[in-house]
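K.L.:
Take this structure, written in structure tokens, and hold onto it; I'll ask about it next.
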Amino acid sequence: MKIICVGRNYVEHAKELNNDVPDSPMFFMKPDSAILRKNFPFVIPSFSKEIHFETEVVIKIDRVGKMIQPQFAHRYFSDIALGIDFTARDVQQELKEKRFPWEIAKAFDGSAFVSDFFPKEKFDLDNLSFKLDRNEVNVQIGNTKEMIFNINTLIAECSKYFTLKKGDLIYTGTPAGVAKINSKDKLEGYLDNEKVFEVNVL
């Protein structure tokens with residue numbers, strides 16, 4: 001499986017990091033070793049002093065597809081989850097300034113957390129609210145209706161470049177509110193006000 005992530009898919013998030021709002025989806029990838037195993041804590045890596053949380057709706061592809069048309073994209077996934085794209089922001093910024101690729105800031109071990117998956121029929125995917133609390137204080141809140149590119153568009157655009165296979169994950173982008181995590185933080189994620197995960201930071 002592969003992990004495909006979407007950058008800058010919420011206007012306010014792009015603005016908070018002083019980035020341009022994209023005209024087309026911006027993709028990057030993480031290896032399968034980036035998955036943070038269930039019930040394991042997130043360990044802040046020694047190479048970064050500024051790890052940020054980025055809360056995102058995640059979809060799981062369940063059939064092979066290539067050059068998928070947007071109107072058929074809904075046929076290629078059945079389940080969604082809530083995840084965190086952990087980002088070494090200091091490392092990323094340094095690499096960007098040098099115009100180097102920044103995979104090591106995004107794709108390191110444990111950088112992709114994902115909750116249990118739930119049937120997509122349980123939610124209105126065009127109006128799905130989600131949020132992240134840190135130490136019982138809300139720090140991020142978003143809604144899929146605020147996406148620049150919706151889920152079906154992301155699947156279609158992604159499949160132009162990568163053959164999608166069963167088990168692939170697509171992280172659909174994060175809203176504004178990303179911030180640094182600290183040791184002993186407790187992160188709790190919610191889909192439509194239902195708690196779906198808890199991650200402890202070491």
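Each chain in the structure tokens gets a letter, A, B and so on, in the order shown; residues start at 1 in every chain, and ligands are counted from 1 in the order they appear.
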Leaving out A:Ile68 and any residue of its chain fewer than 2 positions from it, which residues lie within 10 Å of it when counting only C-alpha atoms, given as a list in words?

P.N.:
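My list of contacting residues is Val64, Gly65, Lys66, Pro70, Gln71, Phe72, Ala73, His74, Arg75, Tyr76, Asn152, Thr153, Ile155, Ala156, Glu157, Cys158, Ser159, Lys160, Thr163 and Leu164 of chain A.
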
K.L.:
Those residues you just picked out, can you put them in a file as a JSON list (two decimals), in the first residue's frame with N, CA and C atoms?

P.N.:
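Written output follows (part-v9.json):
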```
[["chain", "number", "residue", "atom", "x", "y", "z"],
["A", 64, "VAL", "N", -8.72, -1.43, -7.61],
["A", 64, "VAL", "CA", -7.70, -0.87, -8.49],
["A", 64, "VAL", "C", -8.33, 0.12, -9.46],
["A", 65, "GLY", "N", -7.65, 1.25, -9.65],
["A", 65, "GLY", "CA", -8.18, 2.25, -10.57],
["A", 65, "GLY", "C", -7.09, 3.10, -11.18],
["A", 66, "LYS", "N", -7.28, 3.48, -12.43],
["A", 66, "LYS", "CA", -6.36, 4.36, -13.14],
["A", 66, "LYS", "C", -7.20, 5.27, -14.04],
["A", 70, "PRO", "N", -14.15, 11.76, -12.21],
["A", 70, "PRO", "CA", -14.69, 12.21, -10.91],
["A", 70, "PRO", "C", -16.05, 11.62, -10.57],
["A", 71, "GLN", "N", -16.93, 11.48, -11.57],
["A", 71, "GLN", "CA", -18.28, 10.99, -11.30],
["A", 71, "GLN", "C", -18.30, 9.52, -10.89],
["A", 72, "PHE", "N", -17.18, 8.81, -11.11],
["A", 72, "PHE", "CA", -17.10, 7.40, -10.71],
["A", 72, "PHE", "C", -16.19, 7.18, -9.51],
["A", 73, "ALA", "N", -15.59, 8.25, -9.01],
["A", 73, "ALA", "CA", -14.60, 8.11, -7.94],
["A", 73, "ALA", "C", -15.18, 7.49, -6.68],
["A", 74, "HIS", "N", -16.47, 7.73, -6.42],
["A", 74, "HIS", "CA", -17.08, 7.20, -5.19],
["A", 74, "HIS", "C", -17.09, 5.68, -5.15],
["A", 75, "ARG", "N", -16.91, 5.04, -6.31],
["A", 75, "ARG", "CA", -16.93, 3.58, -6.37],
["A", 75, "ARG", "C", -15.62, 2.96, -5.87],
["A", 76, "TYR", "N", -14.61, 3.77, -5.65],
["A", 76, "TYR", "CA", -13.28, 3.26, -5.36],
["A", 76, "TYR", "C", -12.91, 3.29, -3.87],
["A", 152, "ASN", "N", -13.82, 13.29, -4.38],
["A", 152, "ASN", "CA", -13.90, 12.68, -5.71],
["A", 152, "ASN", "C", -12.89, 13.30, -6.67],
["A", 153, "THR", "N", -12.71, 14.60, -6.57],
["A", 153, "THR", "CA", -11.71, 15.27, -7.41],
["A", 153, "THR", "C", -10.31, 14.79, -7.07],
["A", 155, "ILE", "N", -9.39, 11.88, -5.83],
["A", 155, "ILE", "CA", -9.20, 10.52, -6.35],
["A", 155, "ILE", "C", -8.95, 10.56, -7.84],
["A", 156, "ALA", "N", -9.74, 11.32, -8.56],
["A", 156, "ALA", "CA", -9.59, 11.41, -10.01],
["A", 156, "ALA", "C", -8.23, 11.97, -10.40],
["A", 157, "GLU", "N", -7.84, 13.07, -9.77],
["A", 157, "GLU", "CA", -6.56, 13.70, -10.10],
["A", 157, "GLU", "C", -5.39, 12.80, -9.73],
["A", 158, "CYS", "N", -5.48, 12.19, -8.58],
["A", 158, "CYS", "CA", -4.41, 11.30, -8.13],
["A", 158, "CYS", "C", -4.22, 10.14, -9.10],
["A", 159, "SER", "N", -5.33, 9.60, -9.60],
["A", 159, "SER", "CA", -5.26, 8.42, -10.47],
["A", 159, "SER", "C", -4.71, 8.73, -11.86],
["A", 160, "LYS", "N", -4.53, 10.00, -12.17],
["A", 160, "LYS", "CA", -3.86, 10.36, -13.43],
["A", 160, "LYS", "C", -2.39, 9.98, -13.39],
["A", 163, "THR", "N", -1.41, 4.60, -10.24],
["A", 163, "THR", "CA", -2.45, 3.57, -10.21],
["A", 163, "THR", "C", -2.85, 3.35, -8.76],
["A", 164, "LEU", "N", -4.11, 3.51, -8.46],
["A", 164, "LEU", "CA", -4.60, 3.30, -7.10],
["A", 164, "LEU", "C", -4.89, 1.82, -6.89]]
```

K.L.:
Run DSSP on the backbone and grab whatever in chain A lands in strand (DSSP E); send it over as number ranges by chain.

P.N.:
A: 3-7, 26-30, 51-53, 55-61, 77-85, 87-88, 112-114, 118-119, 129-134, 137-143, 169-171, 179-180, 186-191, 194-200

K.L.:
Would you mind listing what lies within 12 Å of A:Gln93 as an MDAnalysis selection string, with only C-alpha atoms counted and same-chain residues fewer than 2 positions away left out?

P.N.:
chainID A and resid 17:19 48 50:51 87:91 95:106

K.L.:
Hey, which of A:Thr172, A:Asn9, A:Ser183, A:Asn127 ends up closest to A:Glu56? Count only C-alpha atoms.

P.N.:
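Ranking A:Thr172, A:Asn9, A:Ser183, A:Asn127 by distance to A:Glu56, first place goes to A:Thr172.
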
K.L.:
So how many Å separate atom CA of A:Val139 and atom CA of A:Ile4, to one decimal?

P.N.:
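Interatomic distance here is 24.4 Å.
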
K.L.:
Restricting the calculation to only C-alpha atoms, which member of A:Phe149, A:Phe113, A:Phe77, A:Phe197 is positioned closest to A:Met26?

P.N.:
A:Phe149

K.L.:
Suppose you want the space between atom CA of A:Gly142 and atom CA of A:Phe118; what is it in Å?

P.N.:
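Computing it gives 18.4 Å between the two atoms.
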
K.L.:
Each residue of stretch 78-162 of chain A with at least one atom at most 7 Å from stretch 186-193 of chain A should appear once, together with its nearest atom pair and the corresponding distance in Å (one decimal); atoms considered: only C-alpha atoms; ordering: chain, then increasing residue number; output as CSV.

P.N.:
```
residue,atom,partner,partner_atom,distance
A:Leu128,CA,A:Asp192,CA,6.5
A:Ser129,CA,A:Asp192,CA,5.1
A:Phe130,CA,A:Leu191,CA,4.5
A:Lys131,CA,A:Tyr190,CA,5.3
A:Leu132,CA,A:Gly189,CA,4.6
A:Asp133,CA,A:Glu188,CA,5.1
A:Arg134,CA,A:Leu187,CA,4.7
A:Asn135,CA,A:Lys186,CA,5.1
```

K.L.:
For the selection just defined, write its residues with N, CA, C and O atoms to a file, as an mmCIF file, in the first residue's frame.

P.N.:
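Written file, part_37.cif:
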```cif
data_model
loop_
_atom_site.group_PDB
_atom_site.id
_atom_site.type_symbol
_atom_site.label_atom_id
_atom_site.label_comp_id
_atom_site.auth_asym_id
_atom_site.auth_seq_id
_atom_site.Cartn_x
_atom_site.Cartn_y
_atom_site.Cartn_z
ATOM 1 N N LEU A 128 -18.738 17.105 6.253
ATOM 2 C CA LEU A 128 -18.277 16.291 7.383
ATOM 3 C C LEU A 128 -17.378 17.136 8.284
ATOM 4 O O LEU A 128 -16.317 17.603 7.863
ATOM 5 N N SER A 129 -17.813 17.328 9.515
ATOM 6 C CA SER A 129 -17.012 18.105 10.457
ATOM 7 C C SER A 129 -16.038 17.185 11.187
ATOM 8 O O SER A 129 -16.313 16.008 11.413
ATOM 9 N N PHE A 130 -14.882 17.726 11.526
ATOM 10 C CA PHE A 130 -13.894 16.981 12.289
ATOM 11 C C PHE A 130 -13.075 17.964 13.117
ATOM 12 O O PHE A 130 -13.019 19.159 12.815
ATOM 13 N N LYS A 131 -12.474 17.452 14.175
ATOM 14 C CA LYS A 131 -11.698 18.349 15.027
ATOM 15 C C LYS A 131 -10.642 17.572 15.795
ATOM 16 O O LYS A 131 -10.693 16.343 15.910
ATOM 17 N N LEU A 132 -9.685 18.327 16.331
ATOM 18 C CA LEU A 132 -8.636 17.771 17.174
ATOM 19 C C LEU A 132 -8.559 18.570 18.457
ATOM 20 O O LEU A 132 -8.515 19.806 18.439
ATOM 21 N N ASP A 133 -8.555 17.864 19.581
ATOM 22 C CA ASP A 133 -8.324 18.481 20.882
ATOM 23 C C ASP A 133 -6.941 18.078 21.377
ATOM 24 O O ASP A 133 -6.529 16.919 21.231
ATOM 25 N N ARG A 134 -6.240 19.034 21.961
ATOM 26 C CA ARG A 134 -4.963 18.750 22.598
ATOM 27 C C ARG A 134 -5.101 19.054 24.080
ATOM 28 O O ARG A 134 -5.430 20.182 24.452
ATOM 29 N N ASN A 135 -4.892 18.053 24.908
ATOM 30 C CA ASN A 135 -5.033 18.212 26.355
ATOM 31 C C ASN A 135 -6.388 18.815 26.720
ATOM 32 O O ASN A 135 -6.501 19.719 27.537
#
```

K.L.:
Could you find all residues in chain A that DSSP calls alpha helix (DSSP H) from the backbone, and write them as a PDB file with N, CA and C atoms, in the first residue's frame?

P.N.:
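Written out: selection-v8.pdb:
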```pdb
ATOM      1  N   VAL A  11      -7.921  26.679   2.269  1.00  0.00           N
ATOM      2  CA  VAL A  11      -7.373  28.012   2.005  1.00  0.00           C
ATOM      3  C   VAL A  11      -6.694  28.602   3.229  1.00  0.00           C
ATOM      4  N   GLU A  12      -7.362  28.535   4.379  1.00  0.00           N
ATOM      5  CA  GLU A  12      -6.822  29.182   5.568  1.00  0.00           C
ATOM      6  C   GLU A  12      -5.535  28.511   6.052  1.00  0.00           C
ATOM      7  N   HIS A  13      -5.420  27.215   5.814  1.00  0.00           N
ATOM      8  CA  HIS A  13      -4.172  26.539   6.189  1.00  0.00           C
ATOM      9  C   HIS A  13      -3.020  27.000   5.298  1.00  0.00           C
ATOM     10  N   ALA A  14      -3.282  27.119   4.004  1.00  0.00           N
ATOM     11  CA  ALA A  14      -2.236  27.623   3.107  1.00  0.00           C
ATOM     12  C   ALA A  14      -1.783  29.014   3.546  1.00  0.00           C
ATOM     13  N   LYS A  15      -2.747  29.840   3.921  1.00  0.00           N
ATOM     14  CA  LYS A  15      -2.417  31.204   4.329  1.00  0.00           C
ATOM     15  C   LYS A  15      -1.625  31.243   5.624  1.00  0.00           C
ATOM     16  N   GLU A  16      -1.961  30.365   6.586  1.00  0.00           N
ATOM     17  CA  GLU A  16      -1.284  30.422   7.879  1.00  0.00           C
ATOM     18  C   GLU A  16       0.193  30.057   7.769  1.00  0.00           C
ATOM     19  N   ARG A  89       8.269  20.561  11.060  1.00  0.00           N
ATOM     20  CA  ARG A  89       8.150  21.853  10.393  1.00  0.00           C
ATOM     21  C   ARG A  89       9.493  22.570  10.257  1.00  0.00           C
ATOM     22  N   ASP A  90      10.335  22.462  11.272  1.00  0.00           N
ATOM     23  CA  ASP A  90      11.637  23.124  11.186  1.00  0.00           C
ATOM     24  C   ASP A  90      12.494  22.512  10.082  1.00  0.00           C
ATOM     25  N   VAL A  91      12.456  21.187   9.984  1.00  0.00           N
ATOM     26  CA  VAL A  91      13.212  20.503   8.932  1.00  0.00           C
ATOM     27  C   VAL A  91      12.640  20.849   7.562  1.00  0.00           C
ATOM     28  N   GLN A  92      11.322  20.850   7.460  1.00  0.00           N
ATOM     29  CA  GLN A  92      10.676  21.177   6.193  1.00  0.00           C
ATOM     30  C   GLN A  92      11.041  22.585   5.733  1.00  0.00           C
ATOM     31  N   GLN A  93      10.997  23.545   6.652  1.00  0.00           N
ATOM     32  CA  GLN A  93      11.291  24.924   6.285  1.00  0.00           C
ATOM     33  C   GLN A  93      12.742  25.071   5.812  1.00  0.00           C
ATOM     34  N   GLU A  94      13.643  24.416   6.486  1.00  0.00           N
ATOM     35  CA  GLU A  94      15.053  24.479   6.093  1.00  0.00           C
ATOM     36  C   GLU A  94      15.251  23.897   4.694  1.00  0.00           C
ATOM     37  N   LEU A  95      14.610  22.775   4.424  1.00  0.00           N
ATOM     38  CA  LEU A  95      14.739  22.143   3.113  1.00  0.00           C
ATOM     39  C   LEU A  95      14.096  22.989   2.023  1.00  0.00           C
ATOM     40  N   LYS A  96      12.943  23.577   2.327  1.00  0.00           N
ATOM     41  CA  LYS A  96      12.274  24.429   1.341  1.00  0.00           C
ATOM     42  C   LYS A  96      13.136  25.634   0.982  1.00  0.00           C
ATOM     43  N   GLU A  97      13.786  26.213   1.976  1.00  0.00           N
ATOM     44  CA  GLU A  97      14.642  27.367   1.717  1.00  0.00           C
ATOM     45  C   GLU A  97      15.819  27.014   0.816  1.00  0.00           C
ATOM     46  N   GLU A 103      10.847  15.217   1.804  1.00  0.00           N
ATOM     47  CA  GLU A 103      10.272  13.956   2.277  1.00  0.00           C
ATOM     48  C   GLU A 103      10.642  13.629   3.717  1.00  0.00           C
ATOM     49  N   ILE A 104      11.895  13.902   4.115  1.00  0.00           N
ATOM     50  CA  ILE A 104      12.293  13.496   5.470  1.00  0.00           C
ATOM     51  C   ILE A 104      11.525  14.256   6.540  1.00  0.00           C
ATOM     52  N   ALA A 105      10.938  15.397   6.178  1.00  0.00           N
ATOM     53  CA  ALA A 105      10.139  16.169   7.128  1.00  0.00           C
ATOM     54  C   ALA A 105       8.707  15.662   7.221  1.00  0.00           C
ATOM     55  N   LYS A 106       8.294  14.856   6.259  1.00  0.00           N
ATOM     56  CA  LYS A 106       6.910  14.394   6.191  1.00  0.00           C
ATOM     57  C   LYS A 106       6.765  12.869   6.269  1.00  0.00           C
ATOM     58  N   ILE A 151     -13.248  15.161  -2.285  1.00  0.00           N
ATOM     59  CA  ILE A 151     -12.705  13.806  -2.278  1.00  0.00           C
ATOM     60  C   ILE A 151     -12.721  13.179  -3.664  1.00  0.00           C
ATOM     61  N   ASN A 152     -13.821  13.293  -4.381  1.00  0.00           N
ATOM     62  CA  ASN A 152     -13.897  12.683  -5.709  1.00  0.00           C
ATOM     63  C   ASN A 152     -12.893  13.299  -6.667  1.00  0.00           C
ATOM     64  N   THR A 153     -12.708  14.601  -6.573  1.00  0.00           N
ATOM     65  CA  THR A 153     -11.712  15.271  -7.415  1.00  0.00           C
ATOM     66  C   THR A 153     -10.307  14.788  -7.073  1.00  0.00           C
ATOM     67  N   LEU A 154     -10.025  14.636  -5.787  1.00  0.00           N
ATOM     68  CA  LEU A 154      -8.701  14.165  -5.377  1.00  0.00           C
ATOM     69  C   LEU A 154      -8.414  12.775  -5.922  1.00  0.00           C
ATOM     70  N   ILE A 155      -9.391  11.879  -5.830  1.00  0.00           N
ATOM     71  CA  ILE A 155      -9.203  10.518  -6.346  1.00  0.00           C
ATOM     72  C   ILE A 155      -8.945  10.555  -7.842  1.00  0.00           C
ATOM     73  N   ALA A 156      -9.744  11.324  -8.555  1.00  0.00           N
ATOM     74  CA  ALA A 156      -9.590  11.407 -10.009  1.00  0.00           C
ATOM     75  C   ALA A 156      -8.234  11.969 -10.403  1.00  0.00           C
ATOM     76  N   GLU A 157      -7.840  13.070  -9.768  1.00  0.00           N
ATOM     77  CA  GLU A 157      -6.562  13.700 -10.104  1.00  0.00           C
ATOM     78  C   GLU A 157      -5.392  12.796  -9.732  1.00  0.00           C
ATOM     79  N   CYS A 158      -5.476  12.185  -8.579  1.00  0.00           N
ATOM     80  CA  CYS A 158      -4.409  11.300  -8.131  1.00  0.00           C
ATOM     81  C   CYS A 158      -4.222  10.136  -9.099  1.00  0.00           C
ATOM     82  N   SER A 159      -5.325   9.596  -9.598  1.00  0.00           N
ATOM     83  CA  SER A 159      -5.259   8.415 -10.467  1.00  0.00           C
ATOM     84  C   SER A 159      -4.707   8.725 -11.856  1.00  0.00           C
ATOM     85  N   LYS A 160      -4.530  10.003 -12.174  1.00  0.00           N
ATOM     86  CA  LYS A 160      -3.860  10.363 -13.432  1.00  0.00           C
ATOM     87  C   LYS A 160      -2.386   9.983 -13.390  1.00  0.00           C
ATOM     88  N   TYR A 161      -1.824  10.023 -12.176  1.00  0.00           N
ATOM     89  CA  TYR A 161      -0.377   9.856 -12.013  1.00  0.00           C
ATOM     90  C   TYR A 161       0.005   8.531 -11.373  1.00  0.00           C
TER      91      TYR A 161
END
```

K.L.:
What's the separation between atom CA of A:Lys60 and atom CA of A:Gly173, in Å to one decimal place?

P.N.:
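Separation of atom CA of A:Lys60 and atom CA of A:Gly173: 14.4 Å.
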
K.L.:
Pick from A:Ser24, A:Gln140, A:Gln69, A:Ser115: nearest to A:Arg37, with only C-alpha atoms counted?

P.N.:
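Going through A:Ser24, A:Gln140, A:Gln69, A:Ser115 one by one, the smallest distance to A:Arg37 is for A:Ser115.
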
K.L.:
I'd like the contact shell of A:Pro31 - 12 Å cut-off, only C-alpha atoms, skipping same-chain residues fewer than 3 positions apart - returned as a PyMOL selection string.

P.N.:
chain A and resi 1-5+28+34-36+103-104+106-112+168-169

K.L.:
Counting only C-alpha atoms, which of A:Met67, A:Met147, A:Val137, A:Val199 gets nearest to A:Gly83?

P.N.:
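So, comparing all the options, the nearest one is A:Val199.
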
K.L.:
Calculated over only C-alpha atoms, which of the candidates A:Ile44, A:Val58, A:Ala81, A:Val201 has the smallest distance to A:Lys184?

P.N.:
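Result for the nearest residue to A:Lys184: A:Val201.
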